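*Asks:* Dropping the structure in here first, questions after.
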Number of protein chains: 2
Amino acid sequence: MKQITIKHIAAELNLSVSTVSRALTDYPNLSQATKDLVKSKAKELGYRPNIIARSLKCSTSDQIGIIVPEIRHIFFAGAIHGIEEVAYKKGFTTIIAQSNEEVEREEINLNSMYLHRVSGIIASISQTSTSSEHFKKLIDRGVNIVFFDRDFEDLNVPKVKIDDFAAAYKMTKFMLSRGFKKVIHFGGHLHLSICRLRRNGYEQAMTEAGLEKEILAYESGMLESDGYLLAERMIKDGIKEGAVLAVNDPVAVGALRRFKEFNIDIPGKVGVAGFSNNPITEMITPRLTTIEQPFLEMGRTAAELLIEIIKDPSKKENPKTVILDTKMIIRDTV
Amino acid sequence: MKQITIKHIAAELNLSVSTVSRALTDYPNLSQATKDLVKSKAKELGYRPNIIARSLKCSTSDQIGIIVPEIRHIFFAGAIHGIEEVAYKKGFTTIIAQSNEEVEREEINLNSMYLHRVSGIIASISQTSTSSEHFKKLIDRGVNIVFFDRDFEDLNVPKVKIDDFAAAYKMTKFMLSRGFKKVIHFGGHLHLSICRLRRNGYEQAMTEAGLEKEILAYESGMLESDGYLLAERMIKDGIKEGAVLAVNDPVAVGALRRFKEFNIDIPGKVGVAGFSNNPITEMITPRLTTIEQPFLEMGRTAAELLIEIIKDPSKKENPKTVILDTKMIIRDTV
DNA sequence: ATGAAAGCGCTAACAC
DNA sequence: GTGTTAGCGCTTTCAT
């Protein structure tokens with residue numbers, strides 16, 4: 001019940017607490033004999049270091065915090081998997097928190113992790129995070145932060161991203177090459193850089209095809225329900241033909257569902273493409289064309305970047321931005 | 001950069017640290033004037049309490065730890081949502097960790113949370129957790145623990161569950177009533193109580209129908225890939241007709257996929273039912289018949305039970321087990 | 001090679 | 001109503 005401390009060990013062995021502490025942390029100038037003695041005694045008594053006390057003293061722990069919008073999205077769950085893989089290998093534990101796309105919750109979690117003195121934080125920001133103030137404050141206090149996928153462009157920290165512009169550009173061109181007269185974009189909120197970049201890529205491809213007059217980009221949320229509603233709105237707006245480039249897979253799936261309810265021929269009349277290569281895209285009918293994002297790799301890389309600056313804070317001077325490759329996955333909806 | 005402490009506030013105001021501490025924690029015997037003074041000064045200096053120090057002193061925090069097998073399963077993600085909902089409302093923050101179905105990882109996370117002095121832990125155990133030793137140790141040290149869904153039967157702590165036996169029993173009977181000559185069970189590992197109970201419910205229904213000789217229960221993992229493999233094995237075992245009761249939705253979905261690849265008529269020749277009412281069960285073709293588990297409600301209840309014993313540890317003497325209702329969702333695969 | 005002692009930031013028992 | 005002081009468990013400088 002009662003906690004065993006180094007004091008107990010010291011008392012039992014007639015040693016000072018400092019010697020015990022040193023033995024336990026493998027301090028160089030200490031005889032191997034005492035080290036062994038202390039360690040075996042510690043084991044015997046069932047000693048467990050109080051890492052709270054250690055954190056207080058050293059003002060750090062070996063814990064990495066992860067903050068994402070929603071863990072149930074395979075993209076984030078997968079990235080977390082990648083983060084954990086390298087974190088555990090390097091002796092860190094991880095804790096996860098979700099913002100539920102609410103900036104208030106994001107701030108609470110961020111501060112809580114800071115107060116608990118995590119060694120660093122890997123984050124992908126919420127849809128409602130229009131200002132980077134809450135992150136900026138912590139960065140100014142020296143907290144190690146790395147972003148993946150959704151980031152703040154004005155924050156100069158390490159990042160792992162994909163080339164959102166190029167991916168959207170490529171997919172738009174591809175859809176046009178399949179014979180669609182125009183492409184409509186179901187986009188996310190523009191203060192998120194990934195949404196803005198995807199939209200820019202779309203617009204660029206349309207412009208290059210001489211279709212600037214046909215550019216039509218809706219701005220909405222990033223959930224399945226948003227895609228569902230947007231599809232309905234598109235039909236109501238009188239658009240009966242064209243290809244839809246959705247900002248992500250959930251939006252694409254929602255749109256597809258609505259189009260199917262309207263008995264619209266896919267991909268005959270309307271095409272649909274998503275973003276992420278969510279496993280579900282392959283299980284539904286028709287199977288969704290999408291862009292593969294290497295989420296596992298993104299997570300791994302983010303963890304590596306973070307551990308790099310934890311181990312050597314001077315590396316924060318010139319933060320890296322790593323851009324990972326995407327791949328078009330052509331299936332049945334385009 | 002440097003942390004502002006109560007010392008700084010005390011110095012600026014010519015007060016003692018204890019007065020400042022008392023003012024900040026709204027101690028009763030203190031003039032409102034000093035309280036206001038201290039609080040405004042704290043705000044002015046950008047003071048943030050060091051909760052590590054507070055944890056060290058009080059050996060607790062206002063943090064609830066959550067440990068689940070895999071966050072990407074909607075069942076767990078949904079339960080976590082429910083937990084967070086009530087936790088935040090009551091002033092707790094939450095941290096999440098996943099075991100990836102590995103008992104080693106589960107133990108690491110469990111210990112890490114304990115060492116970080118969380119107020120309590122809500123857990124659903126991993127598939128490979130055959131012994132409850134690691135949990136037992138912490139419970140003996142006084143750590144507050146609540147289980148939901150997957151639990152250790154030998155641990156006498158608060159739990160939130162469904163009636164697994166009854167649900168499996170009911171679904172088996174229903175399948176038989178639809179004209180299937182027999183039901184085959186795709187079960188999970190039997191050291192998990194939920195798997196054992198579901199299997200028992202299945203066996204009971206078969207026995208009551210005079211089909212004890214036809215009882216066939218495979219034992220496997222709980223992933224989609226396990227269902228896929230099991231379906232293949234069933235075919236290879238020469239079973240061409242009957243209904244499959246899967247231990248959960250992923251297994252059912254995997255089995256369904258394999259049956260479809262074999263061009264087996266569903267539900268004409270073979271029926272399939274899952275467990276959980278995962279959203280995907282409605283998006284695939286044919287839509288999967290399943291049992292709805294109230295995951296949000298399970299999470300909420302677990303959080304309430306935990307906060308109850310945190311606030312009043314004497315309640316641990318007679319831990320509650322809450323059983324929540326399930327519902328059969330009949331769709332196209334049975 | 002080992003010990004004594006200070007201190008991380010906070011709370012609370014004890015004084016006045 | 002407010003101040004003094006000890007101490008939570010640990011690390012680390014300074015002695016010896």
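Chain identifiers are assigned as A, B, and so on, following the order in which chains appear in the structure tokens; residues are numbered from 1 within each chain, and ligands are numbered from 1 in order of appearance.
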Using 9 Å as the limit and counting only C-alpha atoms (C1' of nucleotides), can you tabulate each residue of chain B that touches chain D, with its shortest atom-to-atom distance in Å and the two atoms involved, as JSON lines?
*Replies:*
{"residue": "B:Leu15", "atom": "CA", "partner": "D:DT2", "partner_atom": "C1'", "distance": 8.4}
{"residue": "B:Ser16", "atom": "CA", "partner": "D:DG3", "partner_atom": "C1'", "distance": 6.2}
{"residue": "B:Val17", "atom": "CA", "partner": "D:DG3", "partner_atom": "C1'", "distance": 8.8}
{"residue": "B:Ser18", "atom": "CA", "partner": "D:DG3", "partner_atom": "C1'", "distance": 7.8}
{"residue": "B:Thr19", "atom": "CA", "partner": "D:DT2", "partner_atom": "C1'", "distance": 6.6}
{"residue": "B:Asn29", "atom": "CA", "partner": "D:DG1", "partner_atom": "C1'", "distance": 6.6}
{"residue": "B:Leu30", "atom": "CA", "partner": "D:DG1", "partner_atom": "C1'", "distance": 5.7}
{"residue": "B:Ser31", "atom": "CA", "partner": "D:DG1", "partner_atom": "C1'", "distance": 6.7}
{"residue": "B:Ala53", "atom": "CA", "partner": "D:DC8", "partner_atom": "C1'", "distance": 8.6}
{"residue": "B:Ser55", "atom": "CA", "partner": "D:DC8", "partner_atom": "C1'", "distance": 8.9}
{"residue": "B:Leu56", "atom": "CA", "partner": "D:DC8", "partner_atom": "C1'", "distance": 5.5}
{"residue": "B:Lys57", "atom": "CA", "partner": "D:DC8", "partner_atom": "C1'", "distance": 4.6}
{"residue": "B:Cys58", "atom": "CA", "partner": "D:DC8", "partner_atom": "C1'", "distance": 7.7}
{"residue": "B:Ser59", "atom": "CA", "partner": "D:DC8", "partner_atom": "C1'", "distance": 8.1}
*Asks:* Env of Phe186 in chain B: 9 Å cut, atoms = only C-alpha atoms (C1' of nucleotides), seq-sep filter 3 positions within chain, self excluded. Answer as an MDAnalysis selection string.
*Replies:* chainID B and resid 199 216:220 227 230:231 244:248 251:252
*Asks:* Could you pull out the residues in range 136-263 of chain A that DSSP calls strand (DSSP E or B) from the backbone, as a PDB file with C-alpha atoms, in the first residue's frame?
*Replies:*
ATOM      1  CA  ILE A 145       6.072  20.557 -30.825  1.00  0.00           C
ATOM      2  CA  VAL A 146       5.785  18.785 -34.176  1.00  0.00           C
ATOM      3  CA  PHE A 147       2.811  18.970 -36.548  1.00  0.00           C
ATOM      4  CA  PHE A 148       1.628  16.387 -39.030  1.00  0.00           C
ATOM      5  CA  LYS A 159       6.280  19.251 -39.774  1.00  0.00           C
ATOM      6  CA  VAL A 160       5.318  16.169 -41.739  1.00  0.00           C
ATOM      7  CA  LYS A 161       3.004  16.747 -44.645  1.00  0.00           C
ATOM      8  CA  ILE A 162       2.019  15.602 -48.085  1.00  0.00           C
ATOM      9  CA  VAL A 183     -14.837  19.100 -61.678  1.00  0.00           C
ATOM     10  CA  ILE A 184     -16.616  20.378 -58.578  1.00  0.00           C
ATOM     11  CA  HIS A 185     -14.703  20.640 -55.323  1.00  0.00           C
ATOM     12  CA  PHE A 186     -16.184  19.686 -51.944  1.00  0.00           C
ATOM     13  CA  GLY A 187     -13.650  21.493 -49.786  1.00  0.00           C
ATOM     14  CA  LEU A 216     -17.036  25.677 -58.222  1.00  0.00           C
ATOM     15  CA  ALA A 217     -15.729  24.993 -54.760  1.00  0.00           C
ATOM     16  CA  TYR A 218     -18.059  24.456 -51.833  1.00  0.00           C
ATOM     17  CA  GLU A 219     -16.631  25.097 -48.373  1.00  0.00           C
ATOM     18  CA  GLY A 242     -19.394  16.400 -63.458  1.00  0.00           C
ATOM     19  CA  ALA A 243     -16.834  14.894 -61.167  1.00  0.00           C
ATOM     20  CA  VAL A 244     -16.609  15.673 -57.465  1.00  0.00           C
ATOM     21  CA  LEU A 245     -13.223  16.002 -55.809  1.00  0.00           C
ATOM     22  CA  ALA A 246     -13.813  15.699 -52.081  1.00  0.00           C
TER      23      ALA A 246
END
*Asks:* Any idea what's packed within 8 Å of Tyr114 in chain B, counting only C-alpha atoms (C1' of nucleotides), ignoring anything in its chain fewer than 3 positions away? Could you give it as a VMD selection string?
*Replies:* chain B and resid 110 to 111 117 to 118 138 143
*Asks:* Go ahead and dump the residues you just picked, N, CA and C atoms, as a PDB file, in the first residue's frame.
*Replies:*
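As written to disk, selection19.pdb reads:
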ATOM      1  N   LEU B 110      -0.272   0.859 -18.301  1.00  0.00           N
ATOM      2  CA  LEU B 110      -0.898   0.829 -16.991  1.00  0.00           C
ATOM      3  C   LEU B 110       0.063   1.394 -15.941  1.00  0.00           C
ATOM      4  N   ASN B 111       1.277   0.893 -15.957  1.00  0.00           N
ATOM      5  CA  ASN B 111       2.257   1.359 -14.979  1.00  0.00           C
ATOM      6  C   ASN B 111       2.598   2.821 -15.181  1.00  0.00           C
ATOM      7  N   ARG B 117       0.417   9.155 -11.597  1.00  0.00           N
ATOM      8  CA  ARG B 117      -0.578   9.479 -10.581  1.00  0.00           C
ATOM      9  C   ARG B 117      -1.916   9.957 -11.148  1.00  0.00           C
ATOM     10  N   VAL B 118      -2.432   9.217 -12.121  1.00  0.00           N
ATOM     11  CA  VAL B 118      -3.786   9.530 -12.569  1.00  0.00           C
ATOM     12  C   VAL B 118      -4.745   9.249 -11.420  1.00  0.00           C
ATOM     13  N   LEU B 138      -1.849  -3.123  -8.954  1.00  0.00           N
ATOM     14  CA  LEU B 138      -2.215  -1.714  -8.795  1.00  0.00           C
ATOM     15  C   LEU B 138      -3.439  -1.556  -7.914  1.00  0.00           C
ATOM     16  N   VAL B 143      -5.060   1.893  -6.432  1.00  0.00           N
ATOM     17  CA  VAL B 143      -5.424   2.608  -7.652  1.00  0.00           C
ATOM     18  C   VAL B 143      -6.893   2.323  -8.012  1.00  0.00           C
TER      19      VAL B 143
END
*Asks:* Once you count only C-alpha atoms, what closest atom pair and distance in Å to one decimal does each residue of chain B within 9 Å of chain A have, with rows by chain and rising residue number, as a tab-separated table?
*Replies:*
residue	atom	partner	partner_atom	distance
B:Met1	CA	A:Arg141	CA	4.6
B:Lys2	CA	A:Arg141	CA	7.4
B:Gln3	CA	A:Arg141	CA	8.4
B:Arg48	CA	A:Leu115	CA	8.2
B:Pro49	CA	A:Leu115	CA	7.9
B:Asn50	CA	A:Leu115	CA	6.3
B:Ile51	CA	A:Leu115	CA	6.0
B:Ile52	CA	A:Leu56	CA	5.9
B:Ala53	CA	A:Leu56	CA	6.1
B:Ser55	CA	A:Ile52	CA	7.1
B:Leu56	CA	A:Ile52	CA	5.9
B:Ser59	CA	A:Ile52	CA	8.7
B:Gln63	CA	A:Ser112	CA	8.9
B:Gly65	CA	A:Ile95	CA	9.0
B:Glu70	CA	A:Ala77	CA	8.7
B:Ile71	CA	A:Ile71	CA	6.4
B:Arg72	CA	A:Arg72	CA	5.2
B:His73	CA	A:Arg72	CA	7.0
B:Ile74	CA	A:Arg72	CA	6.1
B:Phe76	CA	A:Arg72	CA	8.6
B:Ala77	CA	A:Arg72	CA	5.5
B:Gly78	CA	A:Arg72	CA	7.9
B:His81	CA	A:Asn100	CA	9.0
B:Thr93	CA	A:Asn109	CA	7.3
B:Thr94	CA	A:Ala97	CA	7.0
B:Ile95	CA	A:Ile96	CA	5.6
B:Ile96	CA	A:Ile96	CA	4.8
B:Ala97	CA	A:Ile95	CA	5.6
B:Gln98	CA	A:Ile95	CA	8.9
B:Asn100	CA	A:His81	CA	9.0
B:Ile108	CA	A:Thr93	CA	8.1
B:Asn109	CA	A:Thr93	CA	7.3
B:Ser112	CA	A:Thr93	CA	7.5
B:Leu115	CA	A:Ile51	CA	6.0
B:His116	CA	A:Ile52	CA	6.0
B:Arg117	CA	A:Ile52	CA	7.6
B:Asp140	CA	A:Met1	CA	6.7
B:Arg141	CA	A:Met1	CA	4.5
B:Gly142	CA	A:Met1	CA	6.7
B:Arg257	CA	A:Met283	CA	8.8
B:Ile280	CA	A:Ile280	CA	7.5
B:Met283	CA	A:Ile284	CA	6.2
B:Ile284	CA	A:Ile284	CA	5.3
B:Thr285	CA	A:Ile284	CA	7.2
*Asks:* With C-alpha atoms kept, could you save the residues just selected as a compact mmCIF listing (two decimals), in the first residue's frame?
*Replies:*
# COMPACT_ATOMS: atom_id res chain seq x y z
CA MET B 1 10.51 31.26 -20.64
CA LYS B 2 11.05 30.84 -16.93
CA GLN B 3 8.18 29.45 -14.96
CA ARG B 48 0.22 28.58 -14.26
CA PRO B 49 0.14 26.16 -11.35
CA ASN B 50 2.72 23.42 -11.55
CA ILE B 51 0.52 20.39 -11.29
CA ILE B 52 3.51 18.12 -11.12
CA ALA B 53 4.39 19.67 -7.78
CA SER B 55 0.63 15.80 -7.71
CA LEU B 56 3.79 15.10 -5.76
CA SER B 59 -0.25 12.13 -4.84
CA GLN B 63 -6.49 13.10 -14.91
CA GLY B 65 -6.42 7.29 -17.86
CA GLU B 70 -7.28 -0.41 -30.30
CA ILE B 71 -8.62 3.09 -30.73
CA ARG B 72 -9.42 2.60 -34.38
CA HIS B 73 -12.34 0.31 -33.56
CA ILE B 74 -15.45 2.40 -33.44
CA PHE B 76 -13.68 1.73 -28.35
CA ALA B 77 -13.52 5.15 -29.97
CA GLY B 78 -17.21 5.57 -29.18
CA HIS B 81 -16.18 9.60 -26.48
CA THR B 93 -8.91 15.61 -18.30
CA THR B 94 -8.36 12.28 -20.02
CA ILE B 95 -5.41 10.53 -21.56
CA ILE B 96 -5.73 7.53 -23.81
CA ALA B 97 -3.37 4.65 -24.47
CA GLN B 98 -3.80 1.53 -26.56
CA ASN B 100 -2.63 -3.07 -29.52
CA ILE B 108 3.61 -0.59 -19.73
CA ASN B 109 0.75 1.85 -20.21
CA SER B 112 3.06 4.59 -16.71
CA LEU B 115 3.39 6.43 -11.97
CA HIS B 116 1.96 9.63 -13.37
CA ARG B 117 -0.58 9.48 -10.58
CA ASP B 140 -3.78 -3.57 -4.15
CA ARG B 141 -1.87 -0.31 -4.11
CA GLY B 142 -5.16 1.52 -4.02
CA ARG B 257 -15.93 -10.69 -47.78
CA ILE B 280 -19.58 -0.02 -41.63
CA MET B 283 -22.47 0.59 -45.71
CA ILE B 284 -21.43 -2.74 -47.15
CA THR B 285 -23.48 -4.97 -49.44
